[in-house]
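> Sharing start-v4.cif, mmCIF, C-alpha atoms:
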data_coords
#
loop_
_atom_site.label_atom_id
_atom_site.label_comp_id
_atom_site.auth_asym_id
_atom_site.auth_seq_id
_atom_site.Cartn_x
_atom_site.Cartn_y
_atom_site.Cartn_z
CA MET A 1 4.51 42.42 62.79
CA ASN A 2 7.69 42.10 60.78
CA LYS A 3 7.11 42.30 57.06
CA GLU A 4 10.17 40.25 56.12
CA LYS A 5 9.10 37.27 58.17
CA GLU A 6 5.58 36.95 56.82
CA PRO A 7 5.45 34.60 53.83
CA LEU A 8 3.86 36.03 50.68
CA PHE A 9 1.04 33.53 50.78
CA SER A 10 0.46 33.27 54.51
CA ALA A 11 -2.88 31.98 55.75
CA LYS A 12 -3.99 35.53 56.36
CA ASN A 13 -3.09 36.67 52.85
CA LEU A 14 -4.71 33.66 51.22
CA LYS A 15 -7.86 34.45 53.12
CA LEU A 16 -7.90 37.88 51.44
CA LEU A 17 -7.91 36.11 48.14
CA ARG A 18 -10.45 33.42 48.96
CA GLU A 19 -13.06 35.13 51.12
CA PRO A 20 -14.46 37.40 48.37
CA LEU A 21 -14.98 34.38 46.15
CA ASN A 22 -17.26 32.82 48.69
CA ASN A 23 -18.39 34.10 52.06
CA ASN A 24 -17.61 37.72 51.47
CA ASN A 25 -18.53 38.00 47.82
CA PRO A 26 -18.87 41.65 46.79
CA ILE A 27 -22.05 41.07 44.79
CA THR A 28 -23.96 38.39 46.67
CA VAL A 29 -22.93 39.25 50.23
CA GLN A 30 -21.95 42.90 50.23
CA VAL A 31 -24.44 43.67 47.43
CA LEU A 32 -22.07 46.06 45.66
CA GLY A 33 -21.56 46.49 41.92
CA ILE A 34 -25.12 45.46 41.11
CA CYS A 35 -25.51 48.20 38.49
CA SER A 36 -22.86 46.83 36.15
CA ALA A 37 -23.99 43.28 36.87
CA LEU A 38 -27.34 44.27 35.38
CA ALA A 39 -25.95 46.12 32.40
CA ILE A 40 -23.37 43.83 30.87
CA THR A 41 -24.53 40.29 31.55
CA VAL A 42 -26.72 39.87 28.47
CA LYS A 43 -23.91 38.12 26.58
CA LEU A 44 -21.04 36.08 27.99
CA LYS A 45 -18.15 37.60 26.05
CA PRO A 46 -18.45 41.20 27.25
CA ALA A 47 -18.95 39.86 30.77
CA ILE A 48 -15.66 37.93 30.62
CA VAL A 49 -13.69 40.87 29.24
CA MET A 50 -15.32 43.18 31.79
CA ALA A 51 -14.31 40.77 34.58
CA LEU A 52 -10.70 40.75 33.36
CA SER A 53 -10.56 44.53 33.03
CA VAL A 54 -11.96 44.95 36.53
CA VAL A 55 -9.33 42.52 37.90
CA PHE A 56 -6.61 44.67 36.34
CA VAL A 57 -8.01 48.04 37.38
CA MET A 58 -8.81 46.92 40.90
CA ALA A 59 -5.44 45.25 41.58
CA VAL A 60 -3.44 48.21 40.27
CA ALA A 61 -5.66 50.85 41.91
CA ASN A 62 -5.40 49.04 45.26
CA VAL A 63 -1.60 48.92 45.01
CA VAL A 64 -1.27 52.56 43.96
CA ILE A 65 -3.53 53.84 46.72
CA SER A 66 -1.82 51.60 49.24
CA LEU A 67 1.62 52.92 48.22
CA ILE A 68 0.62 56.56 48.67
CA ARG A 69 -1.83 55.97 51.54
CA LYS A 70 0.31 57.83 54.08
CA SER A 71 0.55 60.98 51.99
CA ILE A 72 -3.11 61.23 50.92
CA PRO A 73 -4.86 64.00 52.87
CA PRO A 74 -8.02 62.36 54.29
CA ARG A 75 -10.15 65.34 53.29
CA ILE A 76 -9.61 64.75 49.56
CA ARG A 77 -9.13 60.98 49.63
CA ILE A 78 -12.28 60.20 47.65
CA ILE A 79 -11.16 62.54 44.87
CA VAL A 80 -7.72 60.95 44.84
CA GLN A 81 -9.26 57.48 44.58
CA LEU A 82 -11.49 58.60 41.76
CA VAL A 83 -8.57 60.13 39.85
CA VAL A 84 -6.55 56.92 40.18
CA ILE A 85 -9.44 54.71 39.04
CA ALA A 86 -10.45 56.99 36.18
CA SER A 87 -6.92 57.24 34.80
CA LEU A 88 -6.45 53.48 34.95
CA VAL A 89 -9.71 52.94 33.14
CA ILE A 90 -8.72 55.41 30.42
CA LEU A 91 -5.39 53.60 30.07
CA VAL A 92 -7.16 50.23 29.71
CA ASP A 93 -9.46 51.73 27.11
CA GLN A 94 -6.59 53.25 25.10
CA VAL A 95 -4.54 50.05 25.19
CA LEU A 96 -7.53 47.95 24.11
CA LYS A 97 -8.19 50.34 21.21
CA ALA A 98 -4.58 50.08 20.06
CA PHE A 99 -3.96 46.36 20.44
CA LEU A 100 -7.29 44.55 20.79
CA PHE A 101 -9.53 46.63 18.58
CA ASP A 102 -12.18 43.94 18.18
CA VAL A 103 -12.57 43.45 21.92
CA SER A 104 -12.69 47.19 22.44
CA LYS A 105 -15.47 47.43 19.85
CA GLN A 106 -17.40 44.71 21.69
CA LEU A 107 -17.05 46.42 25.05
CA SER A 108 -17.59 49.96 23.77
CA VAL A 109 -19.11 51.99 26.60
CA PHE A 110 -18.68 49.29 29.22
CA VAL A 111 -15.00 50.04 29.71
CA GLY A 112 -15.98 53.51 30.88
CA LEU A 113 -18.53 51.94 33.18
CA ILE A 114 -15.73 50.36 35.23
CA ILE A 115 -15.27 53.81 36.79
CA THR A 116 -18.76 53.65 38.23
CA ASN A 117 -18.20 50.23 39.75
CA CYS A 118 -18.72 50.80 43.45
CA ILE A 119 -16.72 47.69 44.43
CA ILE A 120 -13.49 49.33 43.30
CA MET A 121 -13.94 52.46 45.36
CA GLY A 122 -15.34 50.42 48.21
CA ARG A 123 -12.17 48.33 48.41
CA LEU A 124 -9.88 51.37 48.07
CA GLU A 125 -11.69 53.10 50.89
CA ALA A 126 -12.09 50.06 53.15
CA PHE A 127 -8.87 48.18 52.53
CA ALA A 128 -6.10 49.83 50.53
CA LEU A 129 -6.10 53.03 52.60
CA ALA A 130 -5.17 51.05 55.71
CA ASN A 131 -3.04 48.18 54.43
CA LYS A 132 0.33 47.43 52.85
CA PRO A 133 0.63 47.07 49.06
CA TRP A 134 0.90 43.28 48.88
CA PRO A 135 -2.20 42.44 50.93
CA SER A 136 -3.99 45.24 49.03
CA PHE A 137 -2.99 43.63 45.75
CA LEU A 138 -4.40 40.27 46.88
CA ASP A 139 -7.54 41.92 48.18
CA GLY A 140 -8.01 43.63 44.82
CA ILE A 141 -7.56 40.42 42.84
CA GLY A 142 -9.83 38.51 45.23
CA ASN A 143 -12.68 40.97 45.15
CA ALA A 144 -12.50 41.55 41.41
CA ALA A 145 -12.50 37.78 40.86
CA GLY A 146 -15.46 37.38 43.21
CA TYR A 147 -17.27 40.02 41.18
CA GLY A 148 -16.20 38.44 37.89
CA VAL A 149 -17.35 34.94 38.85
CA ILE A 150 -20.89 36.12 39.60
CA LEU A 151 -20.89 38.21 36.41
CA ILE A 152 -19.91 35.20 34.32
CA ILE A 153 -22.48 32.89 35.97
CA VAL A 154 -25.27 35.42 35.40
CA ALA A 155 -24.17 36.12 31.82
CA PHE A 156 -23.98 32.38 31.07
CA LEU A 157 -27.56 31.81 32.24
CA ARG A 158 -28.90 34.92 30.51
CA GLU A 159 -27.24 34.22 27.18
CA LEU A 160 -28.26 30.54 27.26
CA LEU A 161 -31.90 31.16 28.13
CA GLY A 162 -32.31 34.54 26.46
CA SER A 163 -30.57 33.98 23.12
CA GLY A 164 -29.98 30.20 23.03
CA THR A 165 -26.27 30.77 22.46
CA ILE A 166 -23.03 30.57 24.44
CA LEU A 167 -20.28 32.97 23.35
CA ASP A 168 -22.42 33.53 20.22
CA TYR A 169 -22.42 29.82 19.26
CA GLN A 170 -25.88 28.32 18.94
CA VAL A 171 -26.15 25.63 21.62
CA ILE A 172 -29.89 25.02 21.71
CA PRO A 173 -30.54 22.75 18.73
CA GLN A 174 -32.94 23.90 16.03
CA GLY A 175 -35.11 20.85 16.80
CA PHE A 176 -36.16 22.39 20.10
CA TYR A 177 -37.44 25.47 18.29
CA ASN A 178 -39.36 23.27 15.87
CA PHE A 179 -41.17 21.76 18.87
CA GLY A 180 -42.23 25.20 20.00
CA TYR A 181 -39.37 26.13 22.34
CA GLU A 182 -38.75 29.86 22.38
CA ASN A 183 -35.94 32.02 23.70
CA ASN A 184 -37.03 33.80 26.82
CA GLY A 185 -37.01 37.46 25.81
CA LEU A 186 -37.38 38.50 29.43
CA MET A 187 -33.89 37.12 30.19
CA ILE A 188 -32.37 39.79 27.97
CA LEU A 189 -33.94 42.63 29.93
CA PRO A 190 -32.18 44.02 33.03
CA PRO A 191 -34.78 42.93 35.64
CA MET A 192 -33.96 39.26 35.02
CA ALA A 193 -30.31 39.90 35.95
CA LEU A 194 -31.55 41.12 39.31
CA ILE A 195 -33.68 38.01 39.72
CA VAL A 196 -30.80 35.71 38.71
CA VAL A 197 -28.51 37.47 41.20
CA GLY A 198 -31.28 37.05 43.78
CA ILE A 199 -31.46 33.31 43.10
CA ILE A 200 -27.68 33.01 43.45
CA ILE A 201 -27.87 34.83 46.79
CA TRP A 202 -30.66 32.50 47.89
CA VAL A 203 -28.69 29.36 46.95
CA GLN A 204 -25.57 30.66 48.64
CA ARG A 205 -27.36 31.55 51.87
CA SER A 206 -29.26 28.31 52.08
CA LYS A 207 -25.92 26.50 51.89
CA ASN A 208 -24.21 28.78 54.37
CA ARG A 209 -26.66 29.77 57.08
CA LYS A 210 -24.15 32.07 58.78
CA LEU A 211 -24.74 34.63 56.04
CA ILE A 212 -28.41 35.04 56.85
CA GLU A 213 -29.03 38.31 58.68
CA SER A 214 -30.66 37.91 62.09
CA ASN A 215 -33.44 40.47 61.70
CA MET B 1 -5.66 60.26 61.48
CA LYS B 2 -2.93 62.76 60.67
CA SER B 3 -4.09 66.23 59.83
CA PHE B 4 -2.78 68.02 56.77
CA SER B 5 -2.51 71.74 56.14
CA ASN B 6 -4.45 73.38 53.34
CA THR B 7 -1.20 74.21 51.56
CA TYR B 8 -0.28 70.53 51.60
CA ILE B 9 -3.64 69.58 50.15
CA PHE B 10 -3.26 72.10 47.32
CA VAL B 11 0.30 71.00 46.55
CA PHE B 12 -0.73 67.33 46.69
CA SER B 13 -3.65 67.75 44.31
CA THR B 14 -1.61 69.88 41.90
CA ILE B 15 1.14 67.29 41.70
CA MET B 16 -1.41 64.50 41.35
CA VAL B 17 -3.21 66.21 38.48
CA VAL B 18 0.02 67.03 36.64
CA VAL B 19 1.38 63.49 37.02
CA VAL B 20 -1.87 61.89 35.88
CA ALA B 21 -2.22 64.29 32.96
CA ALA B 22 1.34 63.54 31.87
CA ILE B 23 0.83 59.76 32.01
CA LEU B 24 -2.41 59.92 30.08
CA SER B 25 -1.08 62.27 27.41
CA ILE B 26 1.98 60.12 26.85
CA ALA B 27 -0.21 57.02 26.54
CA ALA B 28 -2.62 58.77 24.19
CA ILE B 29 0.13 60.14 21.94
CA THR B 30 2.14 56.93 21.71
CA LEU B 31 -0.90 54.75 21.06
CA GLN B 32 -2.60 57.12 18.62
CA PRO B 33 -0.96 55.91 15.37
CA MET B 34 -1.95 52.32 16.14
CA GLN B 35 -5.49 53.33 17.06
CA LYS B 36 -5.85 55.37 13.90
CA LYS B 37 -4.65 52.45 11.81
CA ASN B 38 -7.13 50.13 13.51
CA VAL B 39 -9.97 52.55 12.84
CA GLU B 40 -8.99 52.79 9.16
CA ILE B 41 -8.74 49.02 8.79
CA ASN B 42 -12.11 48.68 10.47
CA LYS B 43 -13.62 51.20 8.08
CA LYS B 44 -12.25 49.28 5.12
CA GLU B 45 -13.63 46.03 6.55
CA ASN B 46 -17.05 47.65 6.92
CA ILE B 47 -17.00 48.99 3.36
CA LEU B 48 -16.03 45.55 2.09
CA THR B 49 -18.82 43.87 4.09
CA SER B 50 -21.33 46.17 2.39
CA ILE B 51 -20.40 44.62 -0.97
CA ASN B 52 -20.57 41.15 0.63
CA VAL B 53 -16.81 40.61 0.66
CA GLU B 54 -15.58 38.89 3.82
CA SER B 55 -12.36 40.33 5.18
CA THR B 56 -10.25 40.19 8.31
CA ALA B 57 -8.09 42.84 9.92
CA LYS B 58 -5.12 41.25 8.14
CA ASN B 59 -6.29 41.28 4.52
CA ALA B 60 -8.74 44.21 4.62
CA VAL B 61 -6.29 46.75 3.15
CA GLU B 62 -5.29 44.43 0.30
CA LEU B 63 -8.89 43.49 -0.55
CA TYR B 64 -9.98 47.12 -0.32
CA ASP B 65 -7.38 48.13 -2.90
CA LYS B 66 -8.51 45.25 -5.09
CA TYR B 67 -12.27 45.86 -5.07
CA ILE B 68 -12.71 49.60 -4.57
CA ILE B 69 -11.76 51.12 -7.89
CA GLU B 70 -12.81 54.72 -7.42
CA SER B 71 -14.03 57.09 -4.76
CA TYR B 72 -15.02 60.73 -4.80
CA VAL B 73 -16.94 63.35 -2.87
CA LEU B 74 -20.12 65.03 -4.11
CA ASP B 75 -21.77 68.30 -3.24
CA HIS B 76 -25.51 68.46 -2.53
CA ALA B 77 -26.28 68.86 -6.25
CA GLY B 78 -24.56 65.58 -7.05
CA LYS B 79 -21.51 67.19 -8.70
CA VAL B 80 -18.07 65.79 -7.99
CA LYS B 81 -16.00 67.98 -5.66
CA GLU B 82 -12.29 68.18 -6.35
CA GLY B 83 -9.58 67.89 -3.72
CA VAL B 84 -11.49 66.02 -1.01
CA ASP B 85 -10.56 62.45 -0.15
CA ALA B 86 -13.74 60.39 0.23
CA PHE B 87 -12.12 57.98 2.68
CA GLU B 88 -11.13 60.81 5.02
CA VAL B 89 -14.62 62.33 5.20
CA ASP B 90 -15.98 62.14 8.74
CA MET B 91 -19.72 61.51 8.46
CA LYS B 92 -20.27 62.63 12.04
CA LYS B 93 -19.08 66.13 11.13
CA GLU B 94 -20.86 66.18 7.78
CA MET B 95 -24.23 65.41 9.36
CA THR B 96 -24.04 68.48 11.58
CA LYS B 97 -23.67 70.77 8.52
CA PRO B 98 -26.64 71.98 6.48
CA LEU B 99 -27.23 69.87 3.36
CA GLU B 100 -25.83 72.56 1.04
CA GLU B 101 -22.38 72.38 2.63
CA ARG B 102 -22.17 68.64 3.12
CA ASN B 103 -19.53 66.44 1.53
CA LEU B 104 -21.18 63.27 0.27
CA PRO B 105 -18.70 60.44 -0.31
CA VAL B 106 -19.27 57.71 -2.89
CA PHE B 107 -17.14 54.60 -3.29
CA ILE B 108 -17.37 52.59 -6.47
CA SER B 109 -16.46 48.94 -6.44
CA LEU B 110 -15.95 46.27 -9.05
CA THR B 111 -16.68 42.78 -7.73
CA ASP B 112 -15.71 39.40 -9.17
CA SER B 113 -18.99 39.28 -11.07
CA GLY B 114 -17.68 42.12 -13.24
CA LYS B 115 -20.41 44.53 -12.12
CA ASN B 116 -20.08 47.92 -10.44
CA GLN B 117 -21.62 48.84 -7.12
CA TYR B 118 -22.11 52.27 -5.61
CA ILE B 119 -21.29 52.33 -1.91
CA LEU B 120 -22.85 55.15 0.12
CA PRO B 121 -22.06 55.88 3.75
CA VAL B 122 -24.98 56.44 6.14
CA TYR B 123 -24.90 57.96 9.62
CA GLY B 124 -27.63 58.46 12.21
CA LYS B 125 -28.51 58.00 15.85
CA GLY B 126 -29.58 54.94 17.80
CA LEU B 127 -30.72 54.74 21.39
CA TRP B 128 -27.45 55.40 23.23
CA GLY B 129 -25.21 56.85 20.59
CA PRO B 130 -24.49 57.04 16.88
CA VAL B 131 -25.22 54.25 14.42
CA TRP B 132 -23.61 54.25 10.99
CA GLY B 133 -22.90 52.01 8.09
CA TYR B 134 -22.49 51.54 4.35
CA VAL B 135 -25.13 50.64 1.80
CA SER B 136 -24.13 49.40 -1.63
CA LEU B 137 -26.43 49.75 -4.62
CA GLU B 138 -26.37 47.80 -7.84
CA SER B 139 -25.74 49.69 -11.07
CA ASN B 140 -29.50 50.37 -11.51
CA LEU B 141 -29.05 52.67 -8.46
CA SER B 142 -32.11 51.24 -6.72
CA THR B 143 -31.52 47.63 -5.73
CA ILE B 144 -29.50 47.17 -2.53
CA TYR B 145 -26.53 44.92 -3.13
CA GLY B 146 -25.46 44.74 0.49
CA ALA B 147 -25.49 46.67 3.74
CA ASN B 148 -23.33 46.93 6.82
CA PHE B 149 -24.20 48.68 10.07
CA SER B 150 -22.13 49.52 13.12
CA HIS B 151 -22.99 51.20 16.38
CA GLN B 152 -21.15 52.74 19.28
CA GLY B 153 -23.02 51.44 22.30
CA GLU B 154 -26.41 49.93 21.54
CA THR B 155 -27.73 47.38 24.05
CA PRO B 156 -26.16 43.92 23.50
CA GLY B 157 -28.77 41.34 22.51
CA LEU B 158 -31.23 44.09 21.53
CA GLY B 159 -30.24 47.18 19.53
CA ALA B 160 -26.73 45.85 18.99
CA GLU B 161 -28.20 43.13 16.79
CA ILE B 162 -28.22 45.62 13.89
CA ALA B 163 -24.55 44.77 13.49
CA THR B 164 -25.33 41.08 12.87
CA GLU B 165 -25.44 39.39 9.47
CA ASP B 166 -29.01 38.21 10.05
CA PHE B 167 -30.23 41.78 10.21
CA GLN B 168 -28.03 43.12 7.43
CA ASN B 169 -28.79 40.31 4.97
CA GLN B 170 -32.47 41.27 5.02
CA PHE B 171 -31.57 44.38 3.02
CA ILE B 172 -30.09 42.52 0.08
CA GLY B 173 -32.35 42.82 -2.96
CA LYS B 174 -34.59 45.53 -1.49
CA GLU B 175 -35.33 48.63 -3.58
CA ILE B 176 -34.99 52.27 -2.54
CA PHE B 177 -37.07 53.59 -5.49
CA ASN B 178 -40.59 52.34 -6.12
CA GLU B 179 -41.93 51.35 -9.53
CA GLN B 180 -42.96 54.94 -10.29
CA GLY B 181 -39.36 56.00 -9.71
CA GLU B 182 -40.10 57.82 -6.44
CA PHE B 183 -37.63 57.62 -3.59
CA VAL B 184 -39.13 55.48 -0.79
CA SER B 185 -36.02 54.24 1.08
CA VAL B 186 -36.26 50.92 2.91
CA SER B 187 -38.35 51.10 6.07
CA VAL B 188 -37.37 49.17 9.14
CA LYS B 189 -40.66 47.94 10.62
CA LYS B 190 -41.39 46.81 14.17
CA GLY B 191 -39.88 43.34 14.69
CA GLY B 192 -41.87 40.65 12.86
CA THR B 193 -44.38 42.97 11.16
CA ALA B 194 -42.66 43.61 7.82
CA ASN B 195 -44.50 42.25 4.82
CA PRO B 196 -42.18 39.55 3.42
CA GLN B 197 -43.50 40.25 -0.12
CA SER B 198 -42.61 43.94 0.03
CA LYS B 199 -39.44 45.15 -1.61
CA TYR B 200 -39.37 48.26 0.55
CA GLU B 201 -39.47 46.99 4.15
CA VAL B 202 -37.45 44.81 6.50
CA ASP B 203 -38.00 43.56 10.07
CA GLY B 204 -36.54 45.61 12.89
CA ILE B 205 -35.17 44.15 16.10
CA SER B 206 -37.77 43.11 18.70
CA GLY B 207 -36.94 44.95 21.90
CA GLY B 208 -34.61 47.26 19.97
CA THR B 209 -37.32 49.55 18.66
CA ILE B 210 -35.51 52.85 19.06
CA THR B 211 -32.35 51.54 17.40
CA SER B 212 -34.43 50.10 14.56
CA GLU B 213 -36.20 53.41 14.10
CA GLY B 214 -32.77 55.09 14.10
CA VAL B 215 -31.65 52.86 11.24
CA ASP B 216 -34.87 53.62 9.39
CA GLU B 217 -34.38 57.39 9.71
CA MET B 218 -30.69 57.13 8.91
CA LEU B 219 -31.36 55.32 5.62
CA ASN B 220 -34.06 57.75 4.63
CA ASP B 221 -32.07 60.90 5.48
CA CYS B 222 -28.74 59.84 4.06
CA LEU B 223 -29.82 58.09 0.88
CA LYS B 224 -32.17 60.98 0.07
CA SER B 225 -29.23 63.36 -0.26
CA TYR B 226 -27.89 61.31 -3.19
CA ILE B 227 -31.03 61.56 -5.34
CA LEU B 228 -29.63 64.36 -7.52
CA TYR B 229 -26.45 62.38 -8.06
CA PHE B 230 -28.45 59.33 -9.18
CA GLU B 231 -30.33 61.49 -11.67
CA ASN B 232 -27.08 62.93 -13.03
CA ILE B 233 -25.76 59.43 -13.66
CA LYS B 234 -28.99 58.22 -15.26
CA ASN B 235 -29.11 61.27 -17.58
CA GLN B 236 -25.59 60.71 -18.83
#
For this file, write the structure as structure tokens.

Amino acid sequence: MNKEKEPLFSAKNLKLLREPLNNNNPITVQVLGICSALAITVKLKPAIVMALSVVFVMAVANVVISLIRKSIPPRIRIIVQLVVIASLVILVDQVLKAFLFDVSKQLSVFVGLIITNCIIMGRLEAFALANKPWPSFLDGIGNAAGYGVILIIVAFLRELLGSGTILDYQVIPQGFYNFGYENNGLMILPPMALIVVGIIIWVQRSKNRKLIESN
Amino acid sequence: MKSFSNTYIFVFSTIMVVVVAAILSIAAITLQPMQKKNVEINKKENILTSINVESTAKNAVELYDKYIIESYVLDHAGKVKEGVDAFEVDMKKEMTKPLEERNLPVFISLTDSGKNQYILPVYGKGLWGPVWGYVSLESNLSTIYGANFSHQGETPGLGAEIATEDFQNQFIGKEIFNEQGEFVSVSVKKGGTANPQSKYEVDGISGGTITSEGVDEMLNDCLKSYILYFENIKNQ
């Protein structure tokens, strides 16, 4: 395959970008990255910033690993991946602290949690180590976006039902509360994130029966 | 897969570590002045919030200079210590020292009403990390004029709610000394159980019990260390 002749957005490359958003979603299909999906989806704003940070870290980490893939000794490849991810995360954290102090205050420990996101290492190991930089870049963006979309959906539902707000603006009118409506405190606790993710998986699989495992 | 010699692996990892260390140190050193400035501005914003003055990152420095008229550091006996800048005192370090060696900062403000407030920093632990804040007292040294709390990583929607206005506004008008003049602090009760008539308790956060207890302990521990200072002022 000649690199020069393949267009940047060939059908194959676009598929790398689109598949993770739908039929190969890292959370709902591959069931990766569940831990952070539980931890940071109580409010919408941290979830959005987390999604953006993951897009950045994942795209850059995929490109870096892909660029040096031929010189990485296989025996220490996991360590190399970890070093690349960890340094990128520290960079993101430092830059946020210097230029977007408010956002960094909001995210606090969650920036560090990006390191523990198994999707990132999963993609480095499964894709970037065996592919050229450009497809790796697209794969990184695609998977991070697929992760981010689920995160934002879950956070939207949890903030709406758990706190009655969206992005900290009250959306459920006071009148509802006067009639005895109450915020669902259970939505704020981590188990409900798991149940919401479960419902999303259910909806997705009932629409696309190919995803249902045969056993 | 290609096989690599041990020497190659060692050389590769050494180069990798050196390169990464260099990148990170350069980033840390170049960004540090900006980060430090942000932290200072944030501290000023927090101090201003504790005297119920709204500020943004842009006007915090200006408003701070306008409202905070004096600041000094006390020793445990409530005497003013010379040569220590109250703003530079790191409460995290102070709290690890025994009480006798602690620097206790006090900021004095003059608001538009023409009255003085005494702003005292407080520092304690929540569920996941430190919680801290500023409590301002009216000139009778008992009534809380305002309070501001921050946290490092409390759970959003639960413990993190201590940083919201709803929680902080509960403290306004509460007393830290009872009618007999004994120090009682303000207790943070389990969410929804505080007696609304009481001047000495506020509601904690439901589901954020450990953070609420942290705030309770923090207020008690930190405000207690100023008792001698209050007495010195009253005896003057």
> Pull out every residue that the PyMOL selection byres ((chain B and resi 190) around 10) matches in the shown coordinates and put them as a list in words.
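With the PyMOL selection byres ((chain B and resi 190) around 10) on this model, the match is Ser187, Val188, Lys189, Gly191, Gly192, Thr193, Ala194, Val202, Asp203, Gly204, Ile205, Ser206, Gly207, Gly208, Thr209, Ile210, Ser212 and Glu213 of chain B.
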> Please provide the set of residues having any atom within 9 Å of stretch 36-50 of chain A, restricted to only C-alpha atoms, with same-chain residues fewer than 6 positions apart removed, written as a PyMOL selection string.
(chain A and resi 27+103+106-107+110-111+113-114+116-117+147-160+162-163+165-168+187-194+197) or (chain B and resi 155-157)
> Evaluate the PyMOL selection byres ((chain B and resi 24) around 12) against this structure - the residues, as a list in words, please.
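Output from the PyMOL selection byres ((chain B and resi 24) around 12), applied to this file: Val83, Val84, Ala86, Ser87, Leu88, Val89, Ile90, Leu91, Val92, Asp93, Gln94 and Val95 of chain A; Val17, Val18, Val19, Val20, Ala21, Ala22, Ile23, Ser25, Ile26, Ala27, Ala28, Ile29, Thr30, Leu31 and Gln32 of chain B.
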> Pull out every residue that the PyMOL selection byres ((chain B and resi 170-172) around 9) matches in the shown coordinates and put them as a list in words.
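After applying the PyMOL selection byres ((chain B and resi 170-172) around 9), what remains is Thr143, Ile144, Tyr145, Gly146, Ala147, Glu165, Asp166, Phe167, Gln168, Asn169, Gly173, Lys174, Glu175, Val186, Glu201, Val202 and Asp203 of chain B.
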> For a quick test of understanding: name the residues of chain B lying within 6 Å of chain A when counting all atoms listed in the file, and present them as an NGL selection string.
:B and (4 or 34-35 or 153)
> List as a list of chain:residue names the protein and nucleic acid residues near A:Asn62, meaning an atom at most 9 Å away when only C-alpha atoms are counted, but skip any in the same chain fewer than 3 places from it.
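Residues near the query, excluding close chain neighbours: A:Val57, A:Met58, A:Ala59, A:Ile65, A:Ser66, A:Leu67, A:Ile120, A:Arg123, A:Leu124, A:Phe127, A:Ala128, A:Leu129, A:Pro133, A:Ser136, A:Phe137, A:Leu138, A:Asp139, A:Gly140.
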> Please save C-alpha atoms of the selected residues as a JSON list (two decimals), keeping the file's coordinate frame.

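To be explicit, this is the file written out as part10.json:
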[["chain", "number", "residue", "atom", "x", "y", "z"],
["A", 57, "VAL", "CA", -8.01, 48.04, 37.38],
["A", 58, "MET", "CA", -8.81, 46.92, 40.90],
["A", 59, "ALA", "CA", -5.44, 45.25, 41.58],
["A", 65, "ILE", "CA", -3.53, 53.84, 46.72],
["A", 66, "SER", "CA", -1.82, 51.60, 49.24],
["A", 67, "LEU", "CA", 1.62, 52.92, 48.22],
["A", 120, "ILE", "CA", -13.49, 49.33, 43.30],
["A", 123, "ARG", "CA", -12.17, 48.33, 48.41],
["A", 124, "LEU", "CA", -9.88, 51.37, 48.07],
["A", 127, "PHE", "CA", -8.87, 48.18, 52.53],
["A", 128, "ALA", "CA", -6.10, 49.83, 50.53],
["A", 129, "LEU", "CA", -6.10, 53.03, 52.60],
["A", 133, "PRO", "CA", 0.63, 47.07, 49.06],
["A", 136, "SER", "CA", -3.99, 45.24, 49.03],
["A", 137, "PHE", "CA", -2.99, 43.63, 45.75],
["A", 138, "LEU", "CA", -4.40, 40.27, 46.88],
["A", 139, "ASP", "CA", -7.54, 41.92, 48.18],
["A", 140, "GLY", "CA", -8.01, 43.63, 44.82]]
> Please, what distance in Å, to one decimal, runs between atom CA of B:His151 and atom CA of A:Leu52?
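Distance reported for this atom pair: 23.4 Å.
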> Which neighbours of A:Leu21 fall inside 7 Å, counting only C-alpha atoms, when residues of the same chain fewer than 6 positions from it are skipped, and could you give them as a list of chain:residue names?
A:Gly142, A:Ala145, A:Gly146
> With distances taken over all atoms listed in the file, which residue among B:Asn52, B:Asn103, B:Ser139, B:Ser109 lies nearest B:Ile233?
B:Ser139
> What box, with edges along x, y and z, holds each listed atom of stretch 7-26 of chain A when 6 Å is added on every side, and can you state its centre and edge lengths in Å to one decimal, as JSON?

{"center_x": -6.7, "center_y": 36.8, "center_z": 51.3, "size_x": 36.3, "size_y": 21.7, "size_z": 22.2}
> At what distance in Å, to one decimal, does atom CA of B:Ala163 lie from atom CA of B:Trp128?
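Between atom CA of B:Trp128 and atom CA of B:Ala163 the gap is 14.7 Å.
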> Skipping near chain neighbours, those fewer than 4 positions away, what residues fall within 10 Å of B:Ile176 using all atoms listed in the file, listed as a list of chain:residue names?
B:Leu137, B:Leu141, B:Ser142, B:Thr143, B:Ile144, B:Gly181, B:Glu182, B:Phe183, B:Val184, B:Ser185, B:Val186, B:Ser187, B:Lys199, B:Tyr200, B:Glu201, B:Leu219, B:Asn220, B:Leu223, B:Lys224
> Could you list, as a VMD selection string, every residue within 8 Å of stretch 200-211 of chain A, counting only C-alpha atoms and ignoring same-chain residues fewer than 4 positions away?
chain A and resid 23 28 to 29 196
> Just to confirm, what's the straight-line distance from atom CA of A:Gly122 to atom CA of B:Ile15 in Å (one decimal)?
24.5 Å
> Using all atoms listed in the file, can you tell me which of A:Ile115, A:Leu17, A:Gly164, A:Val60 comes closest to A:Asn184?
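Ranking A:Ile115, A:Leu17, A:Gly164, A:Val60 by distance to A:Asn184, first place goes to A:Gly164.
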